[in-house]
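Here is the structure we will look at.
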Amino acid sequence: MPVRFTLAAPEAVRIAAQPVADAAVYAMSAGRLGATVAALVGLTGVVVGGLALTRPSGRFGTGSGRLGAFVATVAGLTAMTLGGLVVATSDSGIGTGNGRGGAFVALLVGLISTTLGGRALARSRRAVDRSSG
């Protein structure tokens, strides 16, 4: 009876193809940190943009809250840039510890912040036009 030798490559490929989480559950990876910072910057922009929109002559600058509108717009653009960078550099899906889920949240919050800041900036420009003419 002849002895047969077979290669174990198909079994090794099947084992290697199983998804493995890249980061531990409580570890703060670079992707998670970047997504968290981006989401917090975007959230700050949403708060400042909301305040600039609802209280145009409040604490955030003189004359119709232009500073608050500008801060909200810049914070939103920064959050979207950081969130996009994390999405572009993560090598696996949501739930693997690379920060992709948080980066999508940062993109959404950054978009909201930019929109609020743009609306507040447009409102402040209209107020300046009315007062000068």
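Ordering of the structure tokens sets the chain letters (A, B, ...), residue numbers begin anew at 1 in every chain, and ligands are numbered from 1 in the order given.
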Check your understanding: Which neighbours of region 38-55 of chain A fall inside 10 Å, counting only C-alpha atoms, when residues of the same chain fewer than 2 positions from it are skipped, and could you give them as a VMD selection string?
Key -> chain A and resid 32 to 36 57 to 61 64 to 86 102 to 124
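Note that CA of Gly93 (chain A) and CA of Ala30 (chain A) are 15.2 Å apart.
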